[in-house]
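> Here you go, work04.txt (compact mmCIF, C-alpha atoms):
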```txt
# COMPACT_ATOMS: atom_id res chain seq x y z
CA MET T 1 70.77 -104.08 -62.01
CA THR T 2 74.20 -102.41 -61.96
CA THR T 3 76.86 -101.30 -64.43
CA ALA T 4 79.66 -101.90 -61.91
CA PRO T 5 81.99 -104.89 -62.34
CA ARG T 6 80.66 -107.96 -60.63
CA PHE T 7 82.43 -109.28 -57.57
CA LEU T 8 85.43 -111.40 -58.67
CA GLY T 9 83.97 -111.36 -62.17
CA LEU T 10 81.26 -113.78 -61.05
CA PRO T 11 78.30 -114.27 -63.40
CA ASP T 12 74.81 -112.92 -62.78
CA ARG T 13 73.39 -116.40 -63.47
CA LEU T 14 74.72 -119.93 -63.74
CA ALA T 15 74.78 -122.07 -66.86
CA ASP T 16 72.28 -124.89 -67.36
CA HIS T 17 69.80 -123.15 -65.01
CA ARG T 18 71.74 -124.37 -61.98
CA THR T 19 70.67 -122.94 -58.64
CA PRO T 20 73.48 -120.92 -57.04
CA ARG T 21 74.71 -121.78 -53.59
CA ALA T 22 74.97 -118.07 -52.72
CA VAL T 23 73.72 -114.79 -54.22
CA ILE T 24 75.42 -111.43 -53.69
CA PHE T 25 73.38 -108.23 -53.86
CA GLY T 26 74.02 -104.65 -52.82
CA ALA T 27 71.84 -102.13 -51.00
CA GLY T 28 73.36 -98.67 -50.79
CA HIS T 29 70.71 -97.06 -48.60
CA GLY T 30 68.72 -98.26 -45.62
CA SER T 31 66.90 -96.14 -43.03
CA THR T 32 68.81 -92.89 -42.61
CA TYR T 33 68.47 -90.49 -39.71
CA PRO T 34 67.09 -86.98 -40.28
CA GLY T 35 69.82 -84.85 -41.82
CA GLN T 36 72.12 -87.83 -42.35
CA ASP T 37 73.87 -88.23 -45.71
CA SER T 38 74.20 -91.93 -46.54
CA GLY T 39 75.83 -91.27 -49.91
CA GLY T 40 79.30 -92.30 -48.72
CA TYR T 41 78.05 -95.71 -47.58
CA ALA T 42 76.28 -96.18 -50.91
CA LEU T 43 79.74 -96.29 -52.56
CA ALA T 44 80.77 -99.37 -50.61
CA ALA T 45 79.44 -102.21 -52.78
CA ASN T 46 81.10 -100.84 -55.90
CA ALA T 47 84.39 -100.23 -54.03
CA ILE T 48 84.43 -103.85 -52.86
CA ARG T 49 83.67 -105.15 -56.34
CA VAL T 50 86.44 -103.02 -57.87
CA ALA T 51 88.92 -104.18 -55.21
CA SER T 52 88.13 -107.81 -56.09
CA GLN T 53 88.98 -107.46 -59.78
CA ASP T 54 92.72 -108.14 -59.40
CA ASP T 55 91.80 -111.64 -58.21
CA ALA T 56 89.06 -112.26 -60.77
CA ALA T 57 91.40 -114.31 -62.96
CA LEU T 58 92.63 -116.30 -59.95
CA VAL T 59 89.38 -117.90 -58.81
CA GLU T 60 90.68 -121.38 -59.58
CA HIS T 61 94.03 -120.75 -57.89
CA TRP T 62 94.89 -122.05 -54.43
CA ASP T 63 93.59 -119.77 -51.66
CA PHE T 64 95.64 -120.20 -48.50
CA ASP T 65 92.89 -118.71 -46.32
CA LEU T 66 90.55 -121.48 -47.43
CA GLY T 67 92.97 -124.35 -47.93
CA GLY T 68 92.06 -124.75 -51.59
CA PRO T 69 90.43 -122.93 -54.51
CA LEU T 70 87.43 -120.71 -53.74
CA PHE T 71 84.87 -123.23 -55.03
CA ASP T 72 86.75 -126.21 -53.57
CA GLY T 73 87.33 -127.84 -56.95
CA GLY T 74 83.67 -127.64 -57.94
CA PRO T 75 81.95 -125.38 -60.45
CA VAL T 76 81.27 -121.70 -59.80
CA SER T 77 78.28 -121.67 -57.45
CA CYS T 78 77.90 -118.01 -56.47
CA ILE T 79 76.44 -115.16 -58.51
CA ASP T 80 76.46 -111.37 -58.18
CA ASP T 81 72.98 -110.00 -58.78
CA GLY T 82 73.99 -106.33 -58.64
CA ASP T 83 72.44 -103.56 -56.55
CA LEU T 84 68.88 -102.93 -55.48
CA PRO T 85 67.42 -99.53 -56.47
CA THR T 86 67.47 -97.98 -53.00
CA ALA T 87 67.23 -94.24 -52.35
CA PRO T 88 68.27 -91.79 -49.61
CA HIS T 89 65.60 -91.13 -46.97
CA ASP T 90 63.20 -93.76 -48.35
CA GLY T 91 63.49 -95.96 -45.30
CA ALA T 92 60.20 -97.83 -45.68
CA GLY T 93 60.74 -98.45 -49.38
CA ASN T 94 64.35 -99.53 -48.90
CA ARG T 95 63.39 -101.92 -46.11
CA ALA T 96 60.66 -103.47 -48.25
CA ARG T 97 63.02 -103.98 -51.19
CA ILE T 98 65.83 -105.49 -49.09
CA ALA T 99 63.49 -107.87 -47.25
CA ALA T 100 61.79 -108.93 -50.50
CA ARG T 101 65.09 -109.66 -52.27
CA THR T 102 66.28 -111.66 -49.26
CA ARG T 103 63.11 -113.75 -49.34
CA GLU T 104 63.51 -114.35 -53.09
CA ILE T 105 67.07 -115.65 -52.65
CA LEU T 106 66.12 -117.88 -49.73
CA ALA T 107 63.30 -119.35 -51.83
CA LEU T 108 65.72 -120.54 -54.57
CA PRO T 109 67.08 -121.87 -52.12
CA ALA T 110 70.40 -120.02 -51.78
CA VAL T 111 72.36 -118.10 -49.17
CA PRO T 112 71.89 -114.30 -49.49
CA ILE T 113 75.02 -112.14 -49.15
CA LEU T 114 74.28 -108.44 -48.67
CA LEU T 115 76.72 -105.60 -49.33
CA GLY T 116 75.73 -102.38 -47.55
CA GLY T 117 75.10 -99.63 -46.96
CA ASP T 118 75.18 -98.51 -43.34
CA ASP T 119 74.27 -100.71 -40.39
CA SER T 120 70.54 -100.13 -40.86
CA VAL T 121 70.36 -102.52 -43.84
CA PRO T 122 70.76 -105.70 -41.71
CA ILE T 123 67.36 -104.98 -40.11
CA PRO T 124 65.28 -105.75 -43.23
CA PHE T 125 67.83 -108.38 -44.26
CA LEU T 126 67.14 -110.25 -41.02
CA ALA T 127 63.40 -109.61 -41.40
CA GLY T 128 63.57 -111.49 -44.71
CA PHE T 129 64.33 -114.70 -42.78
CA ALA T 130 60.93 -114.68 -41.03
CA ASP T 131 59.78 -117.82 -42.87
CA HIS T 132 63.18 -119.48 -42.60
CA GLY T 133 63.77 -119.51 -38.86
CA PRO T 134 64.80 -120.05 -36.29
CA VAL T 135 68.11 -118.28 -36.90
CA TRP T 136 70.82 -116.97 -34.64
CA VAL T 137 72.60 -113.69 -35.31
CA LEU T 138 76.37 -113.32 -35.03
CA GLN T 139 77.24 -109.62 -35.03
CA ILE T 140 80.83 -108.42 -35.47
CA ASP T 141 80.91 -104.75 -34.48
CA ALA T 142 82.55 -102.17 -32.25
CA HIS T 143 79.08 -101.19 -31.01
CA VAL T 144 76.11 -103.13 -29.61
CA ASP T 145 73.44 -101.22 -31.63
CA TRP T 146 70.67 -101.48 -29.02
CA ARG T 147 69.22 -97.96 -29.25
CA ASP T 148 65.42 -98.10 -29.41
CA GLU T 149 65.24 -94.93 -31.52
CA VAL T 150 67.30 -91.94 -32.59
CA ALA T 151 65.50 -88.71 -33.55
CA GLY T 152 62.31 -90.72 -33.94
CA GLU T 153 63.86 -93.30 -36.30
CA ARG T 154 63.61 -96.86 -34.97
CA HIS T 155 65.31 -98.63 -37.91
CA GLY T 156 68.58 -96.70 -38.09
CA TYR T 157 72.14 -97.96 -37.76
CA SER T 158 72.16 -97.71 -33.95
CA SER T 159 69.16 -100.04 -33.58
CA ALA T 160 70.03 -103.13 -35.65
CA MET T 161 70.36 -105.62 -32.79
CA ARG T 162 67.47 -104.08 -30.82
CA ARG T 163 65.16 -104.68 -33.80
CA ALA T 164 66.63 -108.16 -34.36
CA SER T 165 65.85 -109.07 -30.74
CA GLU T 166 62.16 -108.33 -31.43
CA MET T 167 61.92 -110.75 -34.38
CA ALA T 168 60.19 -113.99 -33.41
CA HIS T 169 62.38 -116.04 -35.75
CA VAL T 170 65.64 -114.81 -34.15
CA ALA T 171 66.52 -117.42 -31.52
CA GLY T 172 69.52 -115.64 -30.06
CA ILE T 173 72.24 -113.07 -30.64
CA VAL T 174 76.02 -113.29 -30.18
CA GLN T 175 77.82 -109.92 -30.34
CA VAL T 176 81.57 -109.79 -30.88
CA GLY T 177 84.20 -107.06 -30.92
CA MET T 178 82.67 -104.39 -28.67
CA ARG T 179 85.13 -101.84 -27.32
CA GLY T 180 85.55 -98.18 -26.45
CA VAL T 181 82.59 -95.84 -26.04
CA GLY T 182 79.65 -96.02 -28.42
CA SER T 183 76.02 -94.96 -28.47
CA ALA T 184 74.94 -97.41 -25.76
CA GLY T 185 73.83 -95.96 -22.45
CA VAL T 186 72.86 -97.77 -19.26
CA ALA T 187 69.31 -98.33 -20.53
CA GLU T 188 70.53 -100.00 -23.73
CA ILE T 189 72.89 -102.31 -21.83
CA ALA T 190 70.06 -103.23 -19.46
CA ALA T 191 67.78 -104.10 -22.40
CA MET T 192 70.52 -106.15 -24.01
CA ARG T 193 71.10 -108.10 -20.81
CA ARG T 194 67.38 -108.69 -20.25
CA TYR T 195 67.18 -110.22 -23.70
CA GLY T 196 70.14 -112.48 -22.98
CA SER T 197 72.47 -111.39 -25.77
CA ARG T 198 75.90 -112.99 -25.49
CA VAL T 199 78.55 -110.25 -25.67
CA VAL T 200 82.21 -111.02 -26.33
CA THR T 201 84.29 -107.86 -26.10
CA ALA T 202 87.35 -107.28 -28.25
CA CYS T 203 89.49 -107.66 -25.11
CA GLU T 204 87.98 -111.08 -24.40
CA LEU T 205 88.48 -112.25 -27.97
CA HIS T 206 92.10 -111.09 -28.04
CA ALA T 207 92.75 -112.91 -24.75
CA GLU T 208 90.87 -116.17 -25.46
CA GLY T 209 90.73 -116.46 -29.25
CA VAL T 210 87.70 -116.90 -31.48
CA GLU T 211 86.45 -119.82 -29.37
CA ALA T 212 85.33 -117.17 -26.86
CA ALA T 213 82.62 -116.27 -29.38
CA LEU T 214 82.00 -119.60 -31.08
CA ARG T 215 81.12 -121.40 -27.86
CA HIS T 216 77.98 -119.26 -27.56
CA VAL T 217 76.66 -120.46 -30.95
CA PRO T 218 74.62 -123.69 -30.64
CA GLU T 219 76.06 -126.51 -32.72
CA GLY T 220 74.10 -126.99 -35.93
CA ALA T 221 72.29 -123.67 -35.63
CA ARG T 222 71.42 -121.61 -38.70
CA VAL T 223 73.29 -118.31 -38.31
CA VAL T 224 73.06 -114.96 -40.06
CA VAL T 225 76.29 -112.96 -39.82
CA SER T 226 76.16 -109.17 -39.60
CA LEU T 227 79.68 -107.84 -40.08
CA ASP T 228 80.11 -104.12 -39.42
CA CYS T 229 83.49 -103.07 -40.81
CA ASP T 230 84.29 -101.05 -37.69
CA GLY T 231 84.38 -104.36 -35.82
CA LEU T 232 87.86 -104.74 -37.31
CA ASP T 233 90.84 -102.74 -36.13
CA PRO T 234 91.31 -99.49 -38.09
CA GLY T 235 94.86 -100.60 -38.84
CA VAL T 236 93.39 -103.00 -41.42
CA MET T 237 90.00 -101.32 -41.88
CA PRO T 238 90.48 -97.53 -41.75
CA GLY T 239 87.57 -96.81 -44.12
CA VAL T 240 84.85 -96.52 -41.49
CA ALA T 241 83.03 -93.56 -40.00
CA ALA T 242 83.82 -94.47 -36.37
CA ARG T 243 87.42 -95.69 -36.02
CA THR T 244 88.05 -97.38 -32.68
CA PRO T 245 91.42 -98.94 -31.80
CA GLY T 246 91.68 -102.50 -30.55
CA GLY T 247 89.38 -104.26 -33.00
CA LEU T 248 89.58 -107.71 -34.54
CA THR T 249 92.45 -108.48 -36.87
CA TYR T 250 91.88 -109.80 -40.36
CA LEU T 251 93.08 -113.26 -39.32
CA GLN T 252 90.81 -113.36 -36.26
CA THR T 253 87.85 -112.41 -38.42
CA ILE T 254 88.41 -115.10 -41.04
CA GLN T 255 89.08 -117.64 -38.28
CA LEU T 256 85.74 -116.69 -36.77
CA ILE T 257 83.97 -117.12 -40.12
CA ALA T 258 85.66 -120.48 -40.77
CA GLY T 259 84.98 -121.70 -37.23
CA LEU T 260 81.34 -120.73 -37.56
CA GLY T 261 81.10 -122.69 -40.80
CA ARG T 262 82.40 -125.80 -39.04
CA ARG T 263 80.15 -125.41 -35.99
CA ALA T 264 76.94 -124.15 -37.56
CA ASP T 265 75.24 -123.32 -40.87
CA ILE T 266 75.82 -119.82 -42.26
CA ALA T 267 72.36 -118.98 -43.60
CA GLY T 268 73.09 -115.37 -44.56
CA PHE T 269 75.91 -112.82 -44.51
CA ALA T 270 75.75 -109.03 -44.45
CA LEU T 271 78.86 -106.83 -44.74
CA VAL T 272 78.10 -103.20 -43.88
CA GLU T 273 79.49 -99.83 -42.75
CA LEU T 274 82.38 -99.62 -45.19
CA TYR T 275 82.81 -95.88 -45.76
CA PRO T 276 85.00 -95.40 -48.86
CA PRO T 277 85.52 -91.62 -48.36
CA ALA T 278 87.58 -92.46 -45.24
CA ASP T 279 89.54 -95.32 -46.82
CA ILE T 280 93.33 -95.19 -47.20
CA ASP T 281 94.83 -96.46 -50.48
CA GLY T 282 91.86 -98.79 -50.94
CA LEU T 283 92.99 -100.94 -47.98
CA SER T 284 89.53 -101.27 -46.44
CA ALA T 285 87.85 -102.22 -49.71
CA LEU T 286 90.55 -104.84 -50.30
CA THR T 287 90.11 -106.24 -46.78
CA ALA T 288 86.32 -106.29 -47.21
CA ALA T 289 86.69 -108.13 -50.52
CA ARG T 290 88.90 -110.75 -48.88
CA LEU T 291 86.40 -111.18 -46.03
CA LEU T 292 83.70 -111.75 -48.62
CA VAL T 293 85.85 -114.36 -50.37
CA ASN T 294 86.26 -116.17 -47.06
CA ALA T 295 82.52 -116.05 -46.42
CA ILE T 296 81.74 -117.45 -49.87
CA GLY T 297 84.39 -120.17 -49.52
CA THR T 298 83.02 -121.19 -46.13
CA ILE T 299 79.42 -121.24 -47.39
CA VAL T 300 80.42 -123.32 -50.43
CA ARG T 301 82.24 -125.83 -48.26
CA GLN T 302 79.38 -126.28 -45.84
CA GLY T 303 77.13 -126.67 -48.88
CA TRP T 304 79.25 -129.48 -50.35
CA ASN T 305 79.51 -131.08 -46.93
CA SER T 306 75.72 -130.92 -46.56
CA VAL T 307 75.17 -132.49 -49.99
CA SER T 308 77.74 -135.19 -49.23
CA GLN T 309 76.15 -135.94 -45.86
CA THR T 310 72.67 -136.13 -47.40
CA CYS T 311 73.89 -138.56 -50.10
CA SER T 312 75.67 -140.69 -47.49
CA GLU T 313 72.56 -140.85 -45.31
CA ALA T 314 70.40 -141.77 -48.32
CA LEU T 315 72.84 -144.55 -49.27
CA ALA T 316 72.94 -145.85 -45.72
CA ASN T 317 69.12 -145.97 -45.56
CA GLU T 318 69.00 -147.76 -48.91
CA LEU T 319 71.46 -150.40 -47.75
CA ALA T 320 69.77 -150.86 -44.36
```
Could I get this file's structure written as structure tokens?

Amino acid sequence: MTTAPRFLGLPDRLADHRTPRAVIFGAGHGSTYPGQDSGGYALAANAIRVASQDDAALVEHWDFDLGGPLFDGGPVSCIDDGDLPTAPHDGAGNRARIAARTREILALPAVPILLGGDDSVPIPFLAGFADHGPVWVLQIDAHVDWRDEVAGERHGYSSAMRRASEMAHVAGIVQVGMRGVGSAGVAEIAAMRRYGSRVVTACELHAEGVEAALRHVPEGARVVVSLDCDGLDPGVMPGVAARTPGGLTYLQTIQLIAGLGRRADIAGFALVELYPPADIDGLSALTAARLLVNAIGTIVRQGWNSVSQTCSEALANELA
């Protein structure tokens, strides 16, 4: 599906017909606004894959973010399935393709990992979980994304959480990293509060640590993460279209991902809004690649833990 290098040199399928624990796929275009050029965002998945290549030979090495090798001493259990054939200004078609691919991955079963694309692609990604709910959404973003429509488009990048709130299978939303001035007006904040979204501003997270966000996620919940790159501080993630000072650090972000993996079950992960034309020396792509490594490592570990727990419970029942 793509001629680009695969993330970390991962295969596009596993040997012996094994089912992967996680499947990466890219979607360069979502639902663009009239007159908007989404071509810069469409470069993101390839930029992240290229940035990961220096570590492709080091997959079995010790990763100090994860406290061990990426796959925790087990076999490779993640594949890169390449990019979907999305197109500019084909919102309905792009949404259908993204939702369908998400459903296919969940049916394996595996955890879908989406590389965007702008912040409109999480809408169909989340829609793909309709038969796999209930799920919570953890959004990391500088903006709340609660606009109902912009120029007549209801599925654009300013509406991701508004559309998520309307999905019956979404049980709740936790929004982290908000700061500065974005597209939200008084009406959008009122709608967000009526819904009951839990908002943890960047100031609150800096003051209280990642627990300020994690405490809002029910223990054992299935959670889909939507990580907008502008949720991070532009000092480590300059390659975004809307730089806003005061965002999450790299360490805070990986602590949040790891903490979520211990508290809940990461059922899906979308990384969006990387804008390579604004990047500086490839720093943003490198940071995004490392965030993806941490997400995969966390998903793998909760997978092994789940298998281990299931086997232990089966043994206990057998001995009872």
> Using all atoms listed in the file, what does the table of stretch 36-99 of chain T residues within 10 Å of stretch 235-256 of chain T look like, with each row giving the shortest atom pair and its distance in Å to one decimal, sorted by chain and ascending number, as JSON lines?

```
{"residue": "T:Gly40", "atom": "CA", "partner": "T:Ala241", "partner_atom": "CA", "distance": 9.6}
{"residue": "T:Tyr41", "atom": "CA", "partner": "T:Val240", "partner_atom": "CA", "distance": 9.2}
{"residue": "T:Ala44", "atom": "CA", "partner": "T:Gly239", "partner_atom": "CA", "distance": 9.7}
{"residue": "T:Asp65", "atom": "CA", "partner": "T:Ile254", "partner_atom": "CA", "distance": 7.8}
{"residue": "T:Leu66", "atom": "CA", "partner": "T:Ile254", "partner_atom": "CA", "distance": 9.3}
```
> Can you tell me, as a ChimeraX atom specification, which residues sit within 12 Å of (66.8, -116.7, -54.6) in the file's frame, using all atoms listed in the file?
/T:13,18-25,78-81,99-113,128,268
> With distances taken over only C-alpha atoms, which residue among T:Gly220, T:Gly26, T:Gly209, T:Pro234 lies nearest T:Ala47?
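Nearest to T:Ala47: T:Gly26.
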> Using all atoms listed in the file, which of T:Asp90, T:Asp233, T:Asp265, T:Asp228 sits nearest T:Gly117?
T:Asp228
> Suppose you want the space between atom CA of T:Cys229 and atom CA of T:Gly35; what is it in Å?
22.8 Å
> Pick from T:Ala92, T:Met161, T:Val50, T:Ile98: nearest to T:Leu114, with only C-alpha atoms counted?
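Using only C-alpha atoms, the shortest distance to T:Leu114 belongs to T:Ile98.
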> Check the smallest atom-to-atom distance from each of T:Asp72, T:Glu204, T:Asp37, T:Asp281 to T:Ala87 using all atoms listed in the file, then report the winner.
T:Asp37
> So how far away is atom CA of T:Gly231 from atom CA of T:Val200, in Å?
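Straight-line distance from atom CA of T:Val200 to atom CA of T:Gly231 works out to 11.8 Å.
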> What is the distance, in Å and to one decimal place, between atom CA of T:Leu70 and atom CA of T:Trp136?
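Calculated distance between atom CA of T:Leu70 and atom CA of T:Trp136 is 25.6 Å.
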> Considering only C-alpha atoms, can you say which of T:Ala57, T:Met178, T:Ala27, T:Ala51 comes closest to T:Arg95?
T:Ala27
> Please list as a list of chain:residue names every residue within 10 Å of stretch 190-193 of chain T, counting only C-alpha atoms and excluding residues in the same chain fewer than 2 positions away.
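Non-adjacent residues within range: T:Val144, T:Asp145, T:Trp146, T:Arg147, T:Asp148, T:Met161, T:Arg162, T:Ser165, T:Ile173, T:Ala184, T:Gly185, T:Val186, T:Ala187, T:Glu188, T:Tyr195, T:Gly196, T:Ser197, T:Arg198, T:Val199.
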> With distances taken over only C-alpha atoms, which residue among T:Ala285, T:Ala4, T:Val150, T:Val224 lies nearest T:Ala127?
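Looking only at the distances to T:Ala127, the closest residue turns out to be T:Val224.
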